[in-house]
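Trainee: Below you will find the structure I want to go over with you.
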Amino acid sequence: MKNNDQPKSLMGQVQAIPGGEAVSVCFSCGTCVSRCLIQQKVEKSYNPRRMMKMVMEDMRETAFSNPTTWLCSACDLCYPACPQEIHISGVITAVKKLALESGQESPLKTAEVNLKTCVACGLCVEVCPYQAIHLVEKSVPNRAKNMTIAEVDKGQCMACGLCSSVCRSNSIELTEDYTDEKIIDSLRNWLTNQSIRETA
Amino acid sequence: MVDAARHPKVDVRTYTQVERVEGFVGNFKVQLREKARYVNADRCNGCGDCAKVCPIEVPNPFELDLAPRKAAYIPMSQSVPLLYTIDQDACIHCYKCVEACGPLEAIDFSQEDKVVWEDIGAIVGATGFNHFDPSVIPEFGYGKFPNVITAMEMERLNNSAGPTVGNLIRPSDRENPKRVAIINCVGSRDKRFNPWCSNFCCMYAIKNAILLKQMYPEIELSIYYIDIRTPSKGYEEFYERARDMGIKFIQGRPSLITQDEVTKNLFVHSEDITLGLVTEYEYDMVMLNQAAVPQPDVDDVSSVLNIQQSPGGWFMEYHPKLRPIDSPTDGIFLAGACQGPKDIPASVTSGLASASRAGRILHSDEWEIEPIIAQVWEDRCISADGKKCGICARACPYNAITVEVGTAAQITTAKCHGCGGCVAECPHNAITQLHYTDAQILAQIRALLADKPEEKIFAFRCHWCSYGGADMAGTSHFEYSANERGIRVMCSARMDTDFIYEAFRLGAGAVLYSGCHPQDCHYITGQVVGAKRAERLKKIFDKLGMSPGRFRIEWISAAEGQKYANVIDEMQQTIDDLDPKKLLEEIETLRPDMEKRARRMYEVPGVNESTDYSREMATAIKKEVAQDEK
């Protein structure tokens, strides 16, 4: 007899979310890990294979706080190489969804909307590859009690910056390191150094 | 091979194709096509003078195209029988070979394929396996990078009779490689290509590594693996020996191979799982241990021999554990890797076993089969009246029934295994099963439901699985409702719709339709026939408004005694949950319908004599028919 009152295991929960069904067939061959660019270029501790194992072993807290949950950009480079045909980014997205539901916050420095200047043109909504931006009705201090404005879902945003590059009024930007100004500054520095090198 | 060819009782027919197999155990008739060699077998002495003068060179498939052969050729130097063949696809008809052959006059360009029929007592299928072509795996670069080779290519390079006389060289610059990677599970354990484990590759990789290490002690060898599987005697020790010799084992499936465009060296990207690190090592040469796959013409052979195929295309045995080398057709056996990947000891074992099984047939004048077989009442079969039917033939898992319009269906008794699928499927009740006739089964149903039928749970069980499950429940003393009454038939395919209708007509509280799990059916596809019928019945009962749960379908194996007990208890609960009055009312309302639906069974010879009721029904039907005719 199945008891529906029993709390579901992490694996059961992940499998219940579309995209996460195949997690149980992973036999830990490591193909995904050596295929992954995030592992190589961004974060050494990023490891989808271990994420599968954590899900199977019901390691809820460890999985939710693991960088793998938050850094996967769903580029799907691993998917066609997986011999078990697991849609790995689907599994990770499912884990992320559960992590967000449990109150975990994304550790990424996500995009932020400038409430003073956004005109709700919707360009950022269109280009966002993660469906993280939506136009919402809300009251904005010093502007209007009820107006349409873009809002970033911090859980979904992967901080790629595509929204920032298309925004015509510079109203959406990545915080801290990757604002338009900082990128232009570093570009200018690089160009100056380059010209010095060339003249030398 | 030479011994076999010289044996007075062995007749080796090479370059010959089996085109048709007819008949049955001990009495097969086999059509063989002896392909034209354009060389007279009686005259050719295998001297090879024709090949020496032949000007045409084509890639040699035996050397995996690493070396050429002539248009006049033998497949390999140890060929048995030693007869040359002229490859007509390559030959330019210069006739230099005819000249070279001289007075022997063995070459005969006028030869044609010869079709012969042979009487055969028993057949052993030993068609082997093929190698998976790794060029379809994009990440390994086989076919693109010259130094990525397959294990079979390395086998030829390493062979003293091979194209390099046993000198292992890299194809790109003909240097001896210093660092070699062996990659396991190439195309196997890979759902994109072949989901199965190819069984022998782990040991094969270790063998090749040890061989190379012995020949070139300085060579660095790494084996990439997902799991190392060494299950047989002495295998684990062999694995240990390889590790002792300094062969590196890296747990991790490579995700990418890249090539240095200048040196043609290769970089293998893989995670080393035991270290938890992503590695990228440089090698001079990479060997892919490719999967074992069925032969390309396996579908043709399986239809000629009438052998079912398991998923993937391998030949299916009668029973994977208990009759592993018998095919479902008596007198046809399987040997070696045509059944699925097998290593050498397992192939030899199955070959010897098949030979002895076949010998048993050849040495007996009579062949005993089970007495439970199907028989056709020829006067009842509508095919004899010139009508198209053939339902029985489609239900038969053994191709034992032939239906030709104009004559009654014919059952080849030697092929019948007695599942009873045809008996239950026949809409005209024209087939009966010895020892399990409709009359016998109906008598059992009526006897068991004679008293207070509405309280009873009536179970139909198949001989091999669910009956065994019930038996297991009994011998293990699992308690279940005492209201259960069950009978045994050979297969769920035998559970005729009439029986179920009759049980409900008699007022059974609940009916269980049970048999093997689909993959366990002892009659290949008998369960499928039964399951389809059961699903159809369920829909009918739902439509008629029968309370849910009164008709239940369950697949229970002989080991699942607990499941059997649970199912019966759940069914008892279903009956208990129904209001007894309402249940009786339901039985009464449905009774006429059940009666109507099952009336054809009274036409079955033997049934109308079994009880008074049947006799009455039979006379009533006869009267109706007489009225209709008027």
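Residues are referred to by chain and number: the chain letter is A, B, ... according to the order shown in the structure tokens, the number counts from 1 in that chain, and ligands are numbered separately from 1 in the order shown.
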Using only C-alpha atoms, what table do you get, as a tab-separated table, when you list each residue of chain A with an atom no more than 12 Å from chain B, its nearest pair of atoms, and their distance in Å rounded to one decimal, rows by chain then rising number?
Mentor:
residue	atom	partner	partner_atom	distance
A:Met1	CA	B:Asn566	CA	9.9
A:Val25	CA	B:Lys191	CA	10.7
A:Cys26	CA	B:Arg189	CA	11.3
A:Phe27	CA	B:Ile226	CA	8.1
A:Ser28	CA	B:Ile226	CA	7.6
A:Cys29	CA	B:Gly252	CA	5.1
A:Gly30	CA	B:Gly252	CA	5.4
A:Thr31	CA	B:Ser255	CA	4.8
A:Cys32	CA	B:Ser255	CA	7.1
A:Val33	CA	B:Glu271	CA	6.2
A:Ser34	CA	B:Ser270	CA	5.0
A:Arg35	CA	B:Ser255	CA	5.6
A:Cys36	CA	B:Ser255	CA	9.4
A:Leu37	CA	B:Val278	CA	11.1
A:Ile38	CA	B:Val278	CA	11.9
A:Gln39	CA	B:Val278	CA	8.4
A:Gln40	CA	B:Val278	CA	8.1
A:Lys41	CA	B:Val278	CA	11.8
A:Glu43	CA	B:Val278	CA	11.9
A:Lys44	CA	B:Leu277	CA	8.5
A:Ser45	CA	B:Gly276	CA	9.1
A:Tyr46	CA	B:Gly276	CA	10.5
A:Asn47	CA	B:Gly276	CA	8.7
A:Pro48	CA	B:Glu271	CA	11.3
A:Arg49	CA	B:Ile273	CA	9.1
A:Arg50	CA	B:Gly276	CA	9.2
A:Leu77	CA	B:Ser255	CA	10.3
A:Cys78	CA	B:Ser255	CA	8.6
A:Tyr79	CA	B:Arg192	CA	10.9
A:Pro80	CA	B:Arg192	CA	8.6
A:Ala81	CA	B:Ser255	CA	6.8
A:Cys82	CA	B:Asp190	CA	7.9
A:Pro83	CA	B:Asp190	CA	4.1
A:Gln84	CA	B:Lys191	CA	5.3
A:Glu85	CA	B:Lys191	CA	6.3
A:Ile86	CA	B:Lys191	CA	9.7
Trainee: Output N, CA and C atoms for every residue in the selection just made, as a CSV table (one decimal), in the first residue's frame.
Mentor:
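As written to disk, selection-v4.csv reads:
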chain,number,residue,atom,x,y,z
A,1,MET,N,0.8,-1.2,0.0
A,1,MET,CA,0.0,0.0,0.0
A,1,MET,C,0.9,1.3,0.0
A,25,VAL,N,18.5,7.0,-13.6
A,25,VAL,CA,19.2,6.1,-14.4
A,25,VAL,C,20.7,6.5,-14.5
A,26,CYS,N,21.1,7.5,-13.9
A,26,CYS,CA,22.5,8.0,-14.0
A,26,CYS,C,23.4,6.9,-13.4
A,27,PHE,N,24.4,6.5,-14.1
A,27,PHE,CA,25.4,5.5,-13.5
A,27,PHE,C,26.8,6.1,-13.3
A,28,SER,N,26.8,7.4,-13.2
A,28,SER,CA,28.0,8.1,-12.8
A,28,SER,C,29.2,7.8,-13.7
A,29,CYS,N,29.1,8.1,-15.0
A,29,CYS,CA,30.2,7.9,-15.9
A,29,CYS,C,31.1,9.1,-16.0
A,30,GLY,N,30.5,10.3,-15.6
A,30,GLY,CA,31.3,11.5,-15.6
A,30,GLY,C,31.4,12.2,-17.0
A,31,THR,N,30.7,11.7,-18.0
A,31,THR,CA,30.8,12.4,-19.3
A,31,THR,C,30.4,13.9,-19.2
A,32,CYS,N,29.3,14.1,-18.5
A,32,CYS,CA,28.8,15.5,-18.4
A,32,CYS,C,29.8,16.4,-17.8
A,33,VAL,N,30.5,15.9,-16.8
A,33,VAL,CA,31.4,16.8,-16.0
A,33,VAL,C,32.6,17.2,-17.0
A,34,SER,N,33.1,16.3,-17.7
A,34,SER,CA,34.2,16.7,-18.5
A,34,SER,C,33.8,17.4,-19.8
A,35,ARG,N,32.5,17.4,-20.1
A,35,ARG,CA,32.0,18.1,-21.2
A,35,ARG,C,31.7,19.6,-20.8
A,36,CYS,N,31.5,19.8,-19.5
A,36,CYS,CA,30.9,21.1,-19.1
A,36,CYS,C,31.9,22.2,-19.2
A,37,LEU,N,31.5,23.4,-19.7
A,37,LEU,CA,32.4,24.5,-19.8
A,37,LEU,C,32.4,25.3,-18.5
A,38,ILE,N,31.3,25.2,-17.7
A,38,ILE,CA,31.2,26.0,-16.5
A,38,ILE,C,32.2,25.3,-15.5
A,39,GLN,N,32.3,24.0,-15.5
A,39,GLN,CA,33.3,23.3,-14.7
A,39,GLN,C,34.7,23.8,-15.0
A,40,GLN,N,35.0,23.9,-16.3
A,40,GLN,CA,36.3,24.2,-16.7
A,40,GLN,C,36.7,25.7,-16.6
A,41,LYS,N,35.7,26.6,-16.8
A,41,LYS,CA,36.0,28.0,-16.9
A,41,LYS,C,35.6,28.8,-15.7
A,43,GLU,N,33.9,27.4,-12.3
A,43,GLU,CA,33.8,26.9,-10.9
A,43,GLU,C,34.2,25.4,-10.9
A,44,LYS,N,35.4,25.2,-10.3
A,44,LYS,CA,35.9,23.8,-10.3
A,44,LYS,C,35.0,22.8,-9.5
A,45,SER,N,34.3,23.3,-8.5
A,45,SER,CA,33.5,22.4,-7.7
A,45,SER,C,32.1,22.1,-8.4
A,46,TYR,N,31.9,22.7,-9.5
A,46,TYR,CA,30.7,22.5,-10.3
A,46,TYR,C,30.7,21.1,-10.8
A,47,ASN,N,29.7,20.2,-10.5
A,47,ASN,CA,29.8,18.8,-10.9
A,47,ASN,C,28.4,18.2,-11.0
A,48,PRO,N,27.8,18.2,-12.2
A,48,PRO,CA,26.5,17.6,-12.4
A,48,PRO,C,26.4,16.2,-12.0
A,49,ARG,N,27.5,15.4,-12.2
A,49,ARG,CA,27.4,14.0,-11.8
A,49,ARG,C,27.1,13.8,-10.3
A,50,ARG,N,27.8,14.7,-9.5
A,50,ARG,CA,27.6,14.6,-8.1
A,50,ARG,C,26.2,15.1,-7.7
A,77,LEU,N,25.2,21.3,-23.5
A,77,LEU,CA,26.4,20.7,-24.2
A,77,LEU,C,26.5,19.2,-23.7
A,78,CYS,N,26.1,18.9,-22.5
A,78,CYS,CA,26.2,17.6,-21.9
A,78,CYS,C,25.1,16.7,-22.4
A,79,TYR,N,24.0,17.2,-22.7
A,79,TYR,CA,22.8,16.4,-23.0
A,79,TYR,C,23.0,15.4,-24.2
A,80,PRO,N,23.5,15.9,-25.3
A,80,PRO,CA,23.7,15.0,-26.4
A,80,PRO,C,24.8,13.9,-26.2
A,81,ALA,N,25.7,14.2,-25.2
A,81,ALA,CA,26.8,13.3,-25.0
A,81,ALA,C,26.4,12.2,-23.9
A,82,CYS,N,25.4,12.4,-23.2
A,82,CYS,CA,25.0,11.5,-22.0
A,82,CYS,C,24.6,10.2,-22.6
A,83,PRO,N,25.3,9.1,-22.2
A,83,PRO,CA,24.9,7.8,-22.7
A,83,PRO,C,23.6,7.3,-22.1
A,84,GLN,N,23.1,7.9,-21.1
A,84,GLN,CA,21.9,7.4,-20.5
A,84,GLN,C,20.7,8.4,-20.9
A,85,GLU,N,21.0,9.3,-21.8
A,85,GLU,CA,20.0,10.2,-22.4
A,85,GLU,C,19.3,11.0,-21.3
A,86,ILE,N,20.0,11.4,-20.2
A,86,ILE,CA,19.4,12.2,-19.2
A,86,ILE,C,19.5,13.7,-19.6
Trainee: So which residues of range 326-538 of chain B fall under alpha helix (DSSP H) by DSSP, listed as a ChimeraX atom specification?
Mentor: /B:344-362,391-395,421-425,438-448,466-475,497-505,526-538
Trainee: Taking only C-alpha atoms into account, name the residue in B:Glu535, B:Lys29, B:Ala414, B:Lys596 that is nearest to Glu366 in chain B.
Mentor: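 Among the listed residues, the smallest separation from Glu366 in chain B belongs to B:Ala414.
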Trainee: Quick one: pull the distance between CA of Ala63 in chain A and CA of Ala99 in chain A, Å, one decimal.
Mentor: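 Separation of CA of Ala63 in chain A and CA of Ala99 in chain A: 8.3 Å.
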Trainee: Write out as a list of chain:residue names the residues lying within 7 Å of Asp113 in chain B, counting only C-alpha atoms and excluding same-chain residues fewer than 6 positions away.
Mentor: B:Arg33, B:Glu34, B:Lys35, B:Ala36
Trainee: Using only C-alpha atoms, which protein or nucleic acid residues come within 8 Å of Trp117 in chain B? Drop anything in the same chain fewer than 2 positions from it, and give the result as a VMD selection string.
Mentor: chain B and resid 29 to 32 115 119
Trainee: Using only C-alpha atoms, determine which residues lie at most 8 Å from range 65-70 of chain B, disregarding the query and same-chain residues fewer than 6 positions distant; provide the list as a PDB file with C-alpha atoms, in the first residue's frame.
Mentor:
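Below you can see result-v3.pdb, which holds the result:
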ATOM      1  CA  ALA B  51      45.626 -14.310 -57.101  1.00  0.00           C
ATOM      2  CA  CYS B  54      45.229 -10.831 -60.762  1.00  0.00           C
ATOM      3  CA  PRO B  55      45.796  -7.106 -61.448  1.00  0.00           C
ATOM      4  CA  ILE B  56      42.851  -5.852 -59.347  1.00  0.00           C
ATOM      5  CA  GLU B  57      43.230  -4.819 -55.721  1.00  0.00           C
ATOM      6  CA  VAL B  58      40.318  -4.039 -53.424  1.00  0.00           C
ATOM      7  CA  PRO B  59      40.203  -3.398 -49.651  1.00  0.00           C
ATOM      8  CA  GLU B 153      41.931  -2.805 -36.074  1.00  0.00           C
ATOM      9  CA  PRO B 163      49.144  -6.121 -42.655  1.00  0.00           C
TER      10      PRO B 163
END
Trainee: Quick one: DSSP strand (DSSP E) residues in chain A, as a ChimeraX atom specification?
Mentor: /A:111-113,133-140,144-152,172-174
Trainee: I need the residues from that last selection saved to file as a PDB file, in the first residue's frame (with N, CA and C atoms), if you can.
Mentor:
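Output file selection_22.pdb follows:
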ATOM      1  N   ALA A 111      20.505  40.453 -12.403  1.00  0.00           N
ATOM      2  CA  ALA A 111      20.179  41.747 -13.005  1.00  0.00           C
ATOM      3  C   ALA A 111      19.194  42.504 -12.115  1.00  0.00           C
ATOM      4  N   GLU A 112      19.305  43.831 -12.161  1.00  0.00           N
ATOM      5  CA  GLU A 112      18.385  44.651 -11.388  1.00  0.00           C
ATOM      6  C   GLU A 112      17.779  45.728 -12.271  1.00  0.00           C
ATOM      7  N   VAL A 113      16.499  46.009 -12.024  1.00  0.00           N
ATOM      8  CA  VAL A 113      15.802  47.023 -12.824  1.00  0.00           C
ATOM      9  C   VAL A 113      15.901  48.369 -12.105  1.00  0.00           C
ATOM     10  N   ILE A 133      12.474  37.532 -16.705  1.00  0.00           N
ATOM     11  CA  ILE A 133      11.960  38.910 -16.594  1.00  0.00           C
ATOM     12  C   ILE A 133      10.493  38.940 -17.022  1.00  0.00           C
ATOM     13  N   HIS A 134       9.692  39.620 -16.251  1.00  0.00           N
ATOM     14  CA  HIS A 134       8.270  39.739 -16.587  1.00  0.00           C
ATOM     15  C   HIS A 134       7.854  41.192 -16.424  1.00  0.00           C
ATOM     16  N   LEU A 135       6.840  41.591 -17.185  1.00  0.00           N
ATOM     17  CA  LEU A 135       6.260  42.917 -16.962  1.00  0.00           C
ATOM     18  C   LEU A 135       5.157  42.756 -15.925  1.00  0.00           C
ATOM     19  N   VAL A 136       5.236  43.562 -14.857  1.00  0.00           N
ATOM     20  CA  VAL A 136       4.231  43.435 -13.793  1.00  0.00           C
ATOM     21  C   VAL A 136       3.588  44.790 -13.506  1.00  0.00           C
ATOM     22  N   GLU A 137       2.413  44.726 -12.904  1.00  0.00           N
ATOM     23  CA  GLU A 137       1.744  45.952 -12.436  1.00  0.00           C
ATOM     24  C   GLU A 137       2.125  46.133 -10.986  1.00  0.00           C
ATOM     25  N   LYS A 138       2.730  47.257 -10.654  1.00  0.00           N
ATOM     26  CA  LYS A 138       2.982  47.470  -9.217  1.00  0.00           C
ATOM     27  C   LYS A 138       3.185  48.955  -8.933  1.00  0.00           C
ATOM     28  N   SER A 139       3.166  49.257  -7.673  1.00  0.00           N
ATOM     29  CA  SER A 139       3.336  50.669  -7.322  1.00  0.00           C
ATOM     30  C   SER A 139       4.823  50.969  -7.188  1.00  0.00           C
ATOM     31  N   VAL A 140       5.264  52.064  -7.804  1.00  0.00           N
ATOM     32  CA  VAL A 140       6.672  52.431  -7.764  1.00  0.00           C
ATOM     33  C   VAL A 140       6.785  53.753  -6.998  1.00  0.00           C
ATOM     34  N   ALA A 144       4.527  56.236  -9.661  1.00  0.00           N
ATOM     35  CA  ALA A 144       3.087  56.044  -9.802  1.00  0.00           C
ATOM     36  C   ALA A 144       2.619  54.985  -8.827  1.00  0.00           C
ATOM     37  N   LYS A 145       1.351  55.012  -8.524  1.00  0.00           N
ATOM     38  CA  LYS A 145       0.808  54.029  -7.582  1.00  0.00           C
ATOM     39  C   LYS A 145       0.654  52.667  -8.248  1.00  0.00           C
ATOM     40  N   ASN A 146       0.326  52.706  -9.516  1.00  0.00           N
ATOM     41  CA  ASN A 146       0.120  51.436 -10.226  1.00  0.00           C
ATOM     42  C   ASN A 146       0.591  51.609 -11.667  1.00  0.00           C
ATOM     43  N   MET A 147       1.725  51.008 -11.962  1.00  0.00           N
ATOM     44  CA  MET A 147       2.229  51.134 -13.335  1.00  0.00           C
ATOM     45  C   MET A 147       2.896  49.842 -13.796  1.00  0.00           C
ATOM     46  N   THR A 148       3.027  49.702 -15.094  1.00  0.00           N
ATOM     47  CA  THR A 148       3.681  48.517 -15.644  1.00  0.00           C
ATOM     48  C   THR A 148       5.189  48.743 -15.617  1.00  0.00           C
ATOM     49  N   ILE A 149       5.895  47.707 -15.156  1.00  0.00           N
ATOM     50  CA  ILE A 149       7.348  47.840 -15.051  1.00  0.00           C
ATOM     51  C   ILE A 149       7.979  46.442 -15.123  1.00  0.00           C
ATOM     52  N   ALA A 150       9.232  46.370 -15.571  1.00  0.00           N
ATOM     53  CA  ALA A 150       9.906  45.066 -15.652  1.00  0.00           C
ATOM     54  C   ALA A 150      10.355  44.620 -14.275  1.00  0.00           C
ATOM     55  N   GLU A 151      10.270  43.290 -14.046  1.00  0.00           N
ATOM     56  CA  GLU A 151      10.727  42.762 -12.760  1.00  0.00           C
ATOM     57  C   GLU A 151      11.549  41.504 -13.015  1.00  0.00           C
ATOM     58  N   VAL A 152      12.666  41.374 -12.271  1.00  0.00           N
ATOM     59  CA  VAL A 152      13.546  40.219 -12.473  1.00  0.00           C
ATOM     60  C   VAL A 152      13.220  39.158 -11.424  1.00  0.00           C
ATOM     61  N   ILE A 172      18.256  48.401 -16.947  1.00  0.00           N
ATOM     62  CA  ILE A 172      18.441  47.082 -16.330  1.00  0.00           C
ATOM     63  C   ILE A 172      19.911  46.734 -16.454  1.00  0.00           C
ATOM     64  N   GLU A 173      20.516  46.351 -15.328  1.00  0.00           N
ATOM     65  CA  GLU A 173      21.952  46.094 -15.349  1.00  0.00           C
ATOM     66  C   GLU A 173      22.318  45.033 -14.334  1.00  0.00           C
ATOM     67  N   LEU A 174      23.462  44.382 -14.612  1.00  0.00           N
ATOM     68  CA  LEU A 174      24.001  43.462 -13.617  1.00  0.00           C
ATOM     69  C   LEU A 174      24.663  44.301 -12.538  1.00  0.00           C
TER      70      LEU A 174
END
Trainee: Can you work out which one of B:Lys178, B:Gln259, B:Thr412, B:Glu378 has the shortest atom-to-atom distance to Gly141 in chain B, counting only C-alpha atoms?
Mentor: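 Of B:Lys178, B:Gln259, B:Thr412, B:Glu378, the one nearest Gly141 in chain B, counting only C-alpha atoms, is B:Gln259.
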Trainee: So that I can see what lies close to range 422-438 of chain B, please list as an MDAnalysis selection string the residues with an atom at most 6 Å from it, counting only C-alpha atoms and leaving out residues fewer than 5 positions away in the same chain.
Mentor: chainID B and resid 372:377 380:381 392 395 494 496
Trainee: Suppose we keep N, CA and C atoms; can you now write the selection as a PDB file, in the first residue's frame?
Mentor:
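And here is the file that came out, again10.pdb:
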ATOM      1  N   ILE B 372      -0.508 -32.006 -24.177  1.00  0.00           N
ATOM      2  CA  ILE B 372      -1.452 -30.877 -24.218  1.00  0.00           C
ATOM      3  C   ILE B 372      -1.234 -30.126 -25.528  1.00  0.00           C
ATOM      4  N   ILE B 373      -2.073 -30.433 -26.513  1.00  0.00           N
ATOM      5  CA  ILE B 373      -1.923 -29.782 -27.810  1.00  0.00           C
ATOM      6  C   ILE B 373      -3.288 -29.351 -28.329  1.00  0.00           C
ATOM      7  N   ALA B 374      -3.253 -28.501 -29.329  1.00  0.00           N
ATOM      8  CA  ALA B 374      -4.504 -28.020 -29.923  1.00  0.00           C
ATOM      9  C   ALA B 374      -4.875 -28.886 -31.112  1.00  0.00           C
ATOM     10  N   GLN B 375      -6.188 -29.070 -31.318  1.00  0.00           N
ATOM     11  CA  GLN B 375      -6.677 -29.820 -32.478  1.00  0.00           C
ATOM     12  C   GLN B 375      -7.850 -29.068 -33.103  1.00  0.00           C
ATOM     13  N   VAL B 376      -7.931 -29.152 -34.433  1.00  0.00           N
ATOM     14  CA  VAL B 376      -8.992 -28.427 -35.140  1.00  0.00           C
ATOM     15  C   VAL B 376     -10.158 -29.374 -35.437  1.00  0.00           C
ATOM     16  N   TRP B 377     -11.380 -28.897 -35.162  1.00  0.00           N
ATOM     17  CA  TRP B 377     -12.561 -29.596 -35.668  1.00  0.00           C
ATOM     18  C   TRP B 377     -12.791 -29.092 -37.085  1.00  0.00           C
ATOM     19  N   ARG B 380     -15.954 -27.459 -38.296  1.00  0.00           N
ATOM     20  CA  ARG B 380     -16.391 -26.181 -37.717  1.00  0.00           C
ATOM     21  C   ARG B 380     -15.597 -24.994 -38.239  1.00  0.00           C
ATOM     22  N   CYS B 381     -14.393 -25.252 -38.766  1.00  0.00           N
ATOM     23  CA  CYS B 381     -13.508 -24.157 -39.197  1.00  0.00           C
ATOM     24  C   CYS B 381     -14.093 -23.487 -40.442  1.00  0.00           C
ATOM     25  N   CYS B 392      -6.606 -17.724 -35.552  1.00  0.00           N
ATOM     26  CA  CYS B 392      -5.820 -18.690 -34.780  1.00  0.00           C
ATOM     27  C   CYS B 392      -4.337 -18.583 -35.130  1.00  0.00           C
ATOM     28  N   ALA B 395      -2.713 -15.749 -33.467  1.00  0.00           N
ATOM     29  CA  ALA B 395      -2.561 -15.894 -32.018  1.00  0.00           C
ATOM     30  C   ALA B 395      -1.435 -16.858 -31.662  1.00  0.00           C
ATOM     31  N   ARG B 494      -5.288 -18.906 -22.807  1.00  0.00           N
ATOM     32  CA  ARG B 494      -6.351 -19.911 -22.863  1.00  0.00           C
ATOM     33  C   ARG B 494      -7.632 -19.432 -22.176  1.00  0.00           C
ATOM     34  N   ASP B 496     -10.600 -18.095 -22.072  1.00  0.00           N
ATOM     35  CA  ASP B 496     -11.612 -17.723 -23.055  1.00  0.00           C
ATOM     36  C   ASP B 496     -12.579 -16.703 -22.458  1.00  0.00           C
TER      37      ASP B 496
END
Trainee: Rounded to one decimal place, report the CA of Asn60 in chain B-CA of Gly351 in chain B distance in Å.
Mentor: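 Straight-line distance from CA of Asn60 in chain B to CA of Gly351 in chain B works out to 28.8 Å.
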Trainee: Find the residues near Glu595 in chain B: any atom within 10 Å, counting only C-alpha atoms, skip ones fewer than 2 places away on the same chain, and give them as a PyMOL selection string.
Mentor: chain B and resi 498+501-502+504-506+590-593+597-600+617
Trainee: Do you have the CA of Glu118 in chain B-CA of Tyr15 in chain B distance handy?
Mentor: 16.1 Å
Trainee: Smallest atom-to-atom distance to Val262 in chain B: which of B:Thr127, B:Gln519, B:Ser172, B:Thr497, using only C-alpha atoms?
Mentor: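 Of B:Thr127, B:Gln519, B:Ser172, B:Thr497, the one nearest Val262 in chain B, counting only C-alpha atoms, is B:Ser172.
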Trainee: Under the rule that only C-alpha atoms are counted, which of B:Leu266, B:Ala510, B:Cys97, B:Ile250 is the nearest residue to Ala459 in chain B?
Mentor: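 Smallest separation from Ala459 in chain B among the options: B:Ala510.
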Trainee: With only C-alpha atoms as the basis for distance, which of A:Leu71, A:Glu105, A:Cys163, A:Val42 is at the shortest distance from Val127 in chain A?
Mentor: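 With only C-alpha atoms as the atom set, the closest residue is A:Cys163.
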Trainee: Measuring between only C-alpha atoms, which one of A:Thr69, A:Asn142, A:Gln156, A:Ser9 shows the shortest distance to Lys96 in chain A?
Mentor: A:Thr69
